[in-house]
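> Data: my_file-v2.pdb, PDB, C-alpha atoms.
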```
ATOM      1  CA  MET A  20     -51.676  -5.606  12.746  1.00  0.00           C
ATOM      2  CA  THR A  21     -53.318  -5.442   9.426  1.00  0.00           C
ATOM      3  CA  GLY A  22     -51.223  -4.709   6.362  1.00  0.00           C
ATOM      4  CA  MET A  23     -47.916  -6.003   7.842  1.00  0.00           C
ATOM      5  CA  THR A  24     -46.125  -8.934   6.358  1.00  0.00           C
ATOM      6  CA  PRO A  25     -44.761 -11.352   8.943  1.00  0.00           C
ATOM      7  CA  ASN A  26     -41.293 -11.586   7.341  1.00  0.00           C
ATOM      8  CA  ALA A  27     -40.810  -7.913   6.504  1.00  0.00           C
ATOM      9  CA  PRO A  28     -37.681  -6.337   7.989  1.00  0.00           C
ATOM     10  CA  THR A  29     -38.354  -3.760  10.670  1.00  0.00           C
ATOM     11  CA  SER A  30     -35.403  -1.522   9.797  1.00  0.00           C
ATOM     12  CA  ALA A  31     -33.365  -0.862   6.711  1.00  0.00           C
ATOM     13  CA  ALA A  32     -29.969  -2.574   6.510  1.00  0.00           C
ATOM     14  CA  LYS A  33     -26.962  -0.309   6.960  1.00  0.00           C
ATOM     15  CA  PRO A  34     -25.081   0.313   3.728  1.00  0.00           C
ATOM     16  CA  ALA A  35     -21.607  -1.213   3.702  1.00  0.00           C
ATOM     17  CA  ARG A  36     -18.863   1.259   4.528  1.00  0.00           C
ATOM     18  CA  PRO A  37     -16.464   1.635   1.581  1.00  0.00           C
ATOM     19  CA  ARG A  38     -13.021   0.163   2.134  1.00  0.00           C
ATOM     20  CA  PRO A  39     -10.312   2.800   2.395  1.00  0.00           C
ATOM     21  CA  GLN A  40      -7.578   2.725  -0.230  1.00  0.00           C
ATOM     22  CA  VAL A  41      -4.494   1.376   1.527  1.00  0.00           C
ATOM     23  CA  MET A  42      -1.964   3.578  -0.258  1.00  0.00           C
ATOM     24  CA  ARG A  43      -1.750   6.354  -2.796  1.00  0.00           C
ATOM     25  CA  LEU A  44       1.099   7.334  -5.090  1.00  0.00           C
ATOM     26  CA  THR A  45       2.566  10.650  -6.042  1.00  0.00           C
ATOM     27  CA  GLU A  46       2.975  11.360  -9.753  1.00  0.00           C
ATOM     28  CA  ALA A  47       6.757  10.825  -9.355  1.00  0.00           C
ATOM     29  CA  ALA A  48       6.186   7.350  -7.862  1.00  0.00           C
ATOM     30  CA  ALA A  49       3.694   6.404 -10.596  1.00  0.00           C
ATOM     31  CA  ASN A  50       6.153   7.550 -13.277  1.00  0.00           C
ATOM     32  CA  ARG A  51       8.907   5.456 -11.677  1.00  0.00           C
ATOM     33  CA  VAL A  52       6.664   2.366 -11.551  1.00  0.00           C
ATOM     34  CA  ARG A  53       5.882   2.844 -15.274  1.00  0.00           C
ATOM     35  CA  GLU A  54       9.604   3.220 -16.036  1.00  0.00           C
ATOM     36  CA  LEU A  55      10.516   0.100 -14.049  1.00  0.00           C
ATOM     37  CA  SER A  56       7.721  -1.855 -15.751  1.00  0.00           C
ATOM     38  CA  SER A  57       9.026  -0.939 -19.191  1.00  0.00           C
ATOM     39  CA  ARG A  58      12.634  -1.864 -18.307  1.00  0.00           C
ATOM     40  CA  ALA A  59      11.993  -5.145 -16.455  1.00  0.00           C
ATOM     41  CA  ASP A  60      13.614  -8.320 -17.804  1.00  0.00           C
ATOM     42  CA  SER A  61      10.287 -10.140 -17.683  1.00  0.00           C
ATOM     43  CA  GLU A  62       6.673  -9.002 -17.819  1.00  0.00           C
ATOM     44  CA  ILE A  63       5.508  -7.464 -14.559  1.00  0.00           C
ATOM     45  CA  ILE A  64       2.079  -6.169 -13.617  1.00  0.00           C
ATOM     46  CA  GLY A  65       3.314  -3.649 -11.046  1.00  0.00           C
ATOM     47  CA  LEU A  66       5.179  -3.535  -7.762  1.00  0.00           C
ATOM     48  CA  ARG A  67       4.575  -5.525  -4.580  1.00  0.00           C
ATOM     49  CA  VAL A  68       4.973  -3.504  -1.376  1.00  0.00           C
ATOM     50  CA  GLY A  69       5.267  -4.939   2.100  1.00  0.00           C
ATOM     51  CA  ILE A  70       7.142  -4.714   5.359  1.00  0.00           C
ATOM     52  CA  LYS A  71       9.552  -7.062   7.069  1.00  0.00           C
ATOM     53  CA  ASN A  72      11.183  -7.233  10.454  1.00  0.00           C
ATOM     54  CA  GLY A  73      14.685  -5.826  10.424  1.00  0.00           C
ATOM     55  CA  GLY A  74      16.925  -2.823  10.836  1.00  0.00           C
ATOM     56  CA  CYS A  75      17.705  -0.955  14.012  1.00  0.00           C
ATOM     57  CA  ALA A  76      14.171   0.551  14.295  1.00  0.00           C
ATOM     58  CA  GLY A  77      12.428  -2.807  13.868  1.00  0.00           C
ATOM     59  CA  MET A  78      10.797  -2.835  10.400  1.00  0.00           C
ATOM     60  CA  GLU A  79      11.760  -2.175   6.799  1.00  0.00           C
ATOM     61  CA  TYR A  80       9.664  -1.475   3.721  1.00  0.00           C
ATOM     62  CA  THR A  81      10.001  -3.957   0.868  1.00  0.00           C
ATOM     63  CA  VAL A  82       9.432  -3.204  -2.815  1.00  0.00           C
ATOM     64  CA  GLU A  83       9.783  -5.844  -5.531  1.00  0.00           C
ATOM     65  CA  TYR A  84       8.488  -6.664  -8.988  1.00  0.00           C
ATOM     66  CA  ALA A  85       5.048  -8.299  -9.057  1.00  0.00           C
ATOM     67  CA  HIS A  86       4.573 -10.885 -11.796  1.00  0.00           C
ATOM     68  CA  ASP A  87       1.096 -11.965 -10.695  1.00  0.00           C
ATOM     69  CA  VAL A  88      -1.706 -11.099  -8.300  1.00  0.00           C
ATOM     70  CA  ARG A  89      -1.841 -13.436  -5.317  1.00  0.00           C
ATOM     71  CA  PRO A  90      -5.308 -14.253  -3.953  1.00  0.00           C
ATOM     72  CA  THR A  91      -4.598 -12.400  -0.697  1.00  0.00           C
ATOM     73  CA  ASP A  92      -2.984  -9.280  -2.214  1.00  0.00           C
ATOM     74  CA  GLU A  93      -4.604  -5.901  -1.626  1.00  0.00           C
ATOM     75  CA  VAL A  94      -4.621  -4.347  -5.112  1.00  0.00           C
ATOM     76  CA  VAL A  95      -4.117  -0.586  -5.305  1.00  0.00           C
ATOM     77  CA  GLU A  96      -4.579   1.081  -8.675  1.00  0.00           C
ATOM     78  CA  ASP A  97      -3.554   4.724  -8.688  1.00  0.00           C
ATOM     79  CA  LYS A  98      -2.493   7.071 -11.477  1.00  0.00           C
ATOM     80  CA  GLY A  99      -2.573   4.243 -14.013  1.00  0.00           C
ATOM     81  CA  VAL A 100      -0.247   1.826 -12.186  1.00  0.00           C
ATOM     82  CA  LYS A 101      -0.800  -1.163  -9.937  1.00  0.00           C
ATOM     83  CA  ILE A 102       0.658  -1.697  -6.470  1.00  0.00           C
ATOM     84  CA  LEU A 103       0.058  -5.022  -4.716  1.00  0.00           C
ATOM     85  CA  VAL A 104       0.200  -4.834  -0.937  1.00  0.00           C
ATOM     86  CA  ASP A 105       1.155  -7.863   1.099  1.00  0.00           C
ATOM     87  CA  PRO A 106      -1.859  -8.684   3.334  1.00  0.00           C
ATOM     88  CA  LYS A 107       0.343  -8.751   6.467  1.00  0.00           C
ATOM     89  CA  ALA A 108       1.349  -5.130   5.762  1.00  0.00           C
ATOM     90  CA  VAL A 109      -2.095  -3.598   5.120  1.00  0.00           C
ATOM     91  CA  MET A 110      -2.761  -2.423   8.699  1.00  0.00           C
ATOM     92  CA  PHE A 111       0.714  -0.845   8.865  1.00  0.00           C
ATOM     93  CA  LEU A 112       0.388   0.931   5.502  1.00  0.00           C
ATOM     94  CA  LEU A 113      -3.150   2.375   5.677  1.00  0.00           C
ATOM     95  CA  GLY A 114      -3.000   6.033   4.675  1.00  0.00           C
ATOM     96  CA  THR A 115       0.541   5.847   3.305  1.00  0.00           C
ATOM     97  CA  GLU A 116       1.709   7.949   0.380  1.00  0.00           C
ATOM     98  CA  MET A 117       4.428   6.379  -1.764  1.00  0.00           C
ATOM     99  CA  ASP A 118       6.761   8.903  -3.415  1.00  0.00           C
ATOM    100  CA  PHE A 119       9.936   8.666  -5.482  1.00  0.00           C
ATOM    101  CA  LYS A 120      12.789  11.018  -4.599  1.00  0.00           C
ATOM    102  CA  VAL A 121      16.069  11.677  -6.369  1.00  0.00           C
ATOM    103  CA  ASP A 122      18.919  13.519  -4.664  1.00  0.00           C
ATOM    104  CA  LYS A 123      22.721  13.640  -4.982  1.00  0.00           C
ATOM    105  CA  MET A 124      23.275  10.360  -3.142  1.00  0.00           C
ATOM    106  CA  ALA A 125      20.208   8.230  -3.862  1.00  0.00           C
ATOM    107  CA  ALA A 126      17.109   7.620  -5.940  1.00  0.00           C
ATOM    108  CA  GLN A 127      14.490   5.703  -3.979  1.00  0.00           C
ATOM    109  CA  PHE A 128      10.874   5.170  -3.078  1.00  0.00           C
ATOM    110  CA  VAL A 129       9.960   7.089   0.069  1.00  0.00           C
ATOM    111  CA  PHE A 130       6.956   6.300   2.251  1.00  0.00           C
ATOM    112  CA  LYS A 131       5.024   9.023   4.087  1.00  0.00           C
ATOM    113  CA  ASN A 132       3.255   6.819   6.596  1.00  0.00           C
ATOM    114  CA  PRO A 133       0.938   8.127   9.343  1.00  0.00           C
ATOM    115  CA  ASN A 134       1.486   4.839  11.221  1.00  0.00           C
ATOM    116  CA  GLN A 135       5.239   5.423  11.546  1.00  0.00           C
ATOM    117  CA  THR A 136       6.207   6.240  15.125  1.00  0.00           C
ATOM    118  CA  SER A 137       9.985   6.557  14.642  1.00  0.00           C
ATOM    119  CA  ALA A 138      12.839   5.843  12.230  1.00  0.00           C
ATOM    120  CA  CYS A 139      16.509   5.026  12.539  1.00  0.00           C
ATOM    121  CA  GLY A 140      19.116   7.677  11.812  1.00  0.00           C
ATOM    122  CA  CYS A 141      20.052   6.264   8.406  1.00  0.00           C
ATOM    123  CA  GLY A 142      16.416   6.106   7.286  1.00  0.00           C
ATOM    124  CA  GLU A 143      16.565   2.430   6.319  1.00  0.00           C
ATOM    125  CA  SER A 144      14.209   1.138   8.998  1.00  0.00           C
ATOM    126  CA  VAL A 145      11.139   2.390  10.828  1.00  0.00           C
ATOM    127  CA  GLN A 146       8.915   1.630  13.768  1.00  0.00           C
ATOM    128  CA  LEU A 147       5.254   1.174  12.800  1.00  0.00           C
ATOM    129  CA  THR A 148       2.025   0.664  14.694  1.00  0.00           C
ATOM    130  CA  PRO A 149      -1.137  -0.818  13.149  1.00  0.00           C
ATOM    131  CA  ALA A 150      -3.676   1.729  11.908  1.00  0.00           C
ATOM    132  CA  LYS A 151      -6.688   2.334  14.123  1.00  0.00           C
ATOM    133  CA  ILE A 152      -9.955   1.729  12.285  1.00  0.00           C
ATOM    134  CA  ASP A 153     -13.124   3.358  13.551  1.00  0.00           C
ATOM    135  CA  GLY A 154     -15.692   0.587  13.882  1.00  0.00           C
TER     136      GLY A 154
END
```
Could you render the structure from this file as structure tokens?


Amino acid sequence: MTGMTPNAPTSAAKPARPRPQVMRLTEAAANRVRELSSRADSEIIGLRVGIKNGGCAGMEYTVEYAHDVRPTDEVVEDKGVKILVDPKAVMFLLGTEMDFKVDKMAAQFVFKNPNQTSACGCGESVQLTPAKIDG
């Protein structure tokens, strides 16, 4: 065993797998976030997105102004705006596209979520399952 160092690793370490971006925004959603940021009564850094239990299908999306970044927030920067995702919602929102739609009756953020298994008839609540991550 000449020429081998006793502490030399026998195999190369695996490179870390990049973390997937939790959400992405459409241009309409990014424009709406910019508009809301400019009109807010106080300085905001973006929007905080999460989920909560409620509604007839079991869960509802939440969207509110974010004034600061919490240590546990998942920060998503897309199309020049910042979305902060509540850590309890990350597994339910992986792969979600956030859009902003305007029609005759409403103007609202809409979530295209691959983890959504059903929704109520009025569209206010959804049923979600955690994303499956390949290990």

> State, in Å with one decimal place, the distance from CA of Asp97 in chain A to CA of Glu46 in chain A.

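It comes out at 9.4 Å.
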
> Which is closer to Gln135 in chain A than all the others in A:Asp60, A:Glu79, A:Asp122, A:Asp87, using all atoms listed in the file?

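Residue with the minimum atom-to-atom distance to Gln135 in chain A: A:Glu79.
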
> List the residues matched by the PyMOL selection byres ((chain A and resi 40) around 10) in the displayed structure as a list of chain:residue names, ordered by chain and then by residue number.

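When the PyMOL selection byres ((chain A and resi 40) around 10) is applied to the shown file, the picked residues are A:Pro37, A:Arg38, A:Pro39, A:Val41, A:Met42, A:Arg43, A:Glu93, A:Val94, A:Val95, A:Glu96, A:Asp97, A:Val109, A:Leu112, A:Leu113, A:Gly114, A:Thr115.
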
> Go through the shown structure with the PyMOL selection byres ((chain A and resi 84) around 9) and write out the matching residues as a list in words.

Leu55, Ser56, Ala59, Ile63, Ile64, Gly65, Leu66, Arg67, Val68, Val82, Glu83, Ala85 and His86 of chain A

> Take the PyMOL selection byres ((chain A and resi 71) around 10), run it mentally on this structure, and tell me the resulting residues as a list in words.

Gly69, Ile70, Asn72, Gly73, Gly74, Gly77, Met78, Glu79, Tyr80, Thr81, Lys107, Ala108 and Ser144 of chain A

> Go ahead and compute the interatomic distance for CA of Arg58 in chain A and CA of Val129 in chain A, in Å to one decimal.

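Straight-line distance from CA of Arg58 in chain A to CA of Val129 in chain A works out to 20.6 Å.
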
> Complete range 45-78 of chain A at the level of N, CA and C atoms, written as a PDB file, in the coordinates of the input.


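Contents of part11.pdb, freshly written:
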```
ATOM      1  N   THR A  45       2.351   9.347  -5.441  1.00  0.00           N
ATOM      2  CA  THR A  45       2.566  10.650  -6.042  1.00  0.00           C
ATOM      3  C   THR A  45       2.779  10.420  -7.535  1.00  0.00           C
ATOM      4  N   GLU A  46       2.728  11.487  -8.302  1.00  0.00           N
ATOM      5  CA  GLU A  46       2.975  11.360  -9.753  1.00  0.00           C
ATOM      6  C   GLU A  46       4.391  10.849 -10.010  1.00  0.00           C
ATOM      7  N   ALA A  47       5.369  11.281  -9.196  1.00  0.00           N
ATOM      8  CA  ALA A  47       6.757  10.825  -9.355  1.00  0.00           C
ATOM      9  C   ALA A  47       6.866   9.311  -9.135  1.00  0.00           C
ATOM     10  N   ALA A  48       6.156   8.791  -8.130  1.00  0.00           N
ATOM     11  CA  ALA A  48       6.186   7.350  -7.862  1.00  0.00           C
ATOM     12  C   ALA A  48       5.524   6.585  -9.002  1.00  0.00           C
ATOM     13  N   ALA A  49       4.381   7.072  -9.487  1.00  0.00           N
ATOM     14  CA  ALA A  49       3.694   6.404 -10.596  1.00  0.00           C
ATOM     15  C   ALA A  49       4.575   6.394 -11.847  1.00  0.00           C
ATOM     16  N   ASN A  50       5.248   7.499 -12.120  1.00  0.00           N
ATOM     17  CA  ASN A  50       6.153   7.550 -13.277  1.00  0.00           C
ATOM     18  C   ASN A  50       7.286   6.546 -13.123  1.00  0.00           C
ATOM     19  N   ARG A  51       7.824   6.411 -11.917  1.00  0.00           N
ATOM     20  CA  ARG A  51       8.907   5.456 -11.677  1.00  0.00           C
ATOM     21  C   ARG A  51       8.422   4.015 -11.836  1.00  0.00           C
ATOM     22  N   VAL A  52       7.218   3.712 -11.373  1.00  0.00           N
ATOM     23  CA  VAL A  52       6.664   2.366 -11.551  1.00  0.00           C
ATOM     24  C   VAL A  52       6.509   2.067 -13.036  1.00  0.00           C
ATOM     25  N   ARG A  53       6.014   3.044 -13.817  1.00  0.00           N
ATOM     26  CA  ARG A  53       5.882   2.844 -15.274  1.00  0.00           C
ATOM     27  C   ARG A  53       7.245   2.598 -15.908  1.00  0.00           C
ATOM     28  N   GLU A  54       8.248   3.379 -15.500  1.00  0.00           N
ATOM     29  CA  GLU A  54       9.604   3.220 -16.036  1.00  0.00           C
ATOM     30  C   GLU A  54      10.167   1.844 -15.701  1.00  0.00           C
ATOM     31  N   LEU A  55      10.023   1.415 -14.453  1.00  0.00           N
ATOM     32  CA  LEU A  55      10.516   0.100 -14.049  1.00  0.00           C
ATOM     33  C   LEU A  55       9.796  -1.011 -14.806  1.00  0.00           C
ATOM     34  N   SER A  56       8.501  -0.847 -15.016  1.00  0.00           N
ATOM     35  CA  SER A  56       7.721  -1.855 -15.751  1.00  0.00           C
ATOM     36  C   SER A  56       8.218  -1.996 -17.176  1.00  0.00           C
ATOM     37  N   SER A  57       8.573  -0.892 -17.795  1.00  0.00           N
ATOM     38  CA  SER A  57       9.026  -0.939 -19.191  1.00  0.00           C
ATOM     39  C   SER A  57      10.436  -1.493 -19.319  1.00  0.00           C
ATOM     40  N   ARG A  58      11.244  -1.398 -18.257  1.00  0.00           N
ATOM     41  CA  ARG A  58      12.634  -1.864 -18.307  1.00  0.00           C
ATOM     42  C   ARG A  58      12.847  -3.254 -17.723  1.00  0.00           C
ATOM     43  N   ALA A  59      11.838  -3.851 -17.131  1.00  0.00           N
ATOM     44  CA  ALA A  59      11.993  -5.145 -16.455  1.00  0.00           C
ATOM     45  C   ALA A  59      12.380  -6.231 -17.448  1.00  0.00           C
ATOM     46  N   ASP A  60      13.171  -7.204 -16.968  1.00  0.00           N
ATOM     47  CA  ASP A  60      13.614  -8.320 -17.804  1.00  0.00           C
ATOM     48  C   ASP A  60      12.474  -9.242 -18.204  1.00  0.00           C
ATOM     49  N   SER A  61      11.451  -9.315 -17.382  1.00  0.00           N
ATOM     50  CA  SER A  61      10.287 -10.140 -17.683  1.00  0.00           C
ATOM     51  C   SER A  61       9.041  -9.287 -17.480  1.00  0.00           C
ATOM     52  N   GLU A  62       7.899  -9.781 -17.934  1.00  0.00           N
ATOM     53  CA  GLU A  62       6.673  -9.002 -17.819  1.00  0.00           C
ATOM     54  C   GLU A  62       6.247  -8.896 -16.353  1.00  0.00           C
ATOM     55  N   ILE A  63       5.996  -7.677 -15.909  1.00  0.00           N
ATOM     56  CA  ILE A  63       5.508  -7.464 -14.559  1.00  0.00           C
ATOM     57  C   ILE A  63       4.192  -6.699 -14.642  1.00  0.00           C
ATOM     58  N   ILE A  64       3.368  -6.870 -13.621  1.00  0.00           N
ATOM     59  CA  ILE A  64       2.079  -6.169 -13.617  1.00  0.00           C
ATOM     60  C   ILE A  64       2.112  -4.936 -12.721  1.00  0.00           C
ATOM     61  N   GLY A  65       3.179  -4.784 -11.954  1.00  0.00           N
ATOM     62  CA  GLY A  65       3.314  -3.649 -11.046  1.00  0.00           C
ATOM     63  C   GLY A  65       4.362  -3.954 -10.001  1.00  0.00           C
ATOM     64  N   LEU A  66       4.249  -3.303  -8.863  1.00  0.00           N
ATOM     65  CA  LEU A  66       5.179  -3.535  -7.762  1.00  0.00           C
ATOM     66  C   LEU A  66       4.437  -4.102  -6.563  1.00  0.00           C
ATOM     67  N   ARG A  67       5.115  -4.971  -5.826  1.00  0.00           N
ATOM     68  CA  ARG A  67       4.575  -5.525  -4.580  1.00  0.00           C
ATOM     69  C   ARG A  67       5.261  -4.795  -3.427  1.00  0.00           C
ATOM     70  N   VAL A  68       4.466  -4.260  -2.519  1.00  0.00           N
ATOM     71  CA  VAL A  68       4.973  -3.504  -1.376  1.00  0.00           C
ATOM     72  C   VAL A  68       4.600  -4.241  -0.102  1.00  0.00           C
ATOM     73  N   GLY A  69       5.531  -4.294   0.820  1.00  0.00           N
ATOM     74  CA  GLY A  69       5.267  -4.939   2.100  1.00  0.00           C
ATOM     75  C   GLY A  69       6.190  -4.391   3.160  1.00  0.00           C
ATOM     76  N   ILE A  70       6.218  -5.046   4.276  1.00  0.00           N
ATOM     77  CA  ILE A  70       7.142  -4.714   5.359  1.00  0.00           C
ATOM     78  C   ILE A  70       7.744  -6.010   5.864  1.00  0.00           C
ATOM     79  N   LYS A  71       8.924  -5.900   6.445  1.00  0.00           N
ATOM     80  CA  LYS A  71       9.552  -7.062   7.069  1.00  0.00           C
ATOM     81  C   LYS A  71      10.239  -6.609   8.330  1.00  0.00           C
ATOM     82  N   ASN A  72      10.454  -7.536   9.234  1.00  0.00           N
ATOM     83  CA  ASN A  72      11.183  -7.233  10.454  1.00  0.00           C
ATOM     84  C   ASN A  72      12.646  -7.067  10.100  1.00  0.00           C
ATOM     85  N   GLY A  73      13.271  -6.038  10.670  1.00  0.00           N
ATOM     86  CA  GLY A  73      14.685  -5.826  10.424  1.00  0.00           C
ATOM     87  C   GLY A  73      15.090  -4.390  10.680  1.00  0.00           C
ATOM     88  N   GLY A  74      16.396  -4.158  10.628  1.00  0.00           N
ATOM     89  CA  GLY A  74      16.925  -2.823  10.836  1.00  0.00           C
ATOM     90  C   GLY A  74      16.908  -2.446  12.305  1.00  0.00           C
ATOM     91  N   CYS A  75      17.572  -1.358  12.603  1.00  0.00           N
ATOM     92  CA  CYS A  75      17.705  -0.955  14.012  1.00  0.00           C
ATOM     93  C   CYS A  75      16.411  -0.402  14.599  1.00  0.00           C
ATOM     94  N   ALA A  76      15.447   0.039  13.767  1.00  0.00           N
ATOM     95  CA  ALA A  76      14.171   0.551  14.295  1.00  0.00           C
ATOM     96  C   ALA A  76      13.093  -0.533  14.331  1.00  0.00           C
ATOM     97  N   GLY A  77      13.357  -1.689  13.737  1.00  0.00           N
ATOM     98  CA  GLY A  77      12.428  -2.807  13.868  1.00  0.00           C
ATOM     99  C   GLY A  77      11.756  -3.302  12.604  1.00  0.00           C
ATOM    100  N   MET A  78      11.484  -2.415  11.622  1.00  0.00           N
ATOM    101  CA  MET A  78      10.797  -2.835  10.400  1.00  0.00           C
ATOM    102  C   MET A  78      11.390  -2.110   9.197  1.00  0.00           C
TER     103      MET A  78
END
```
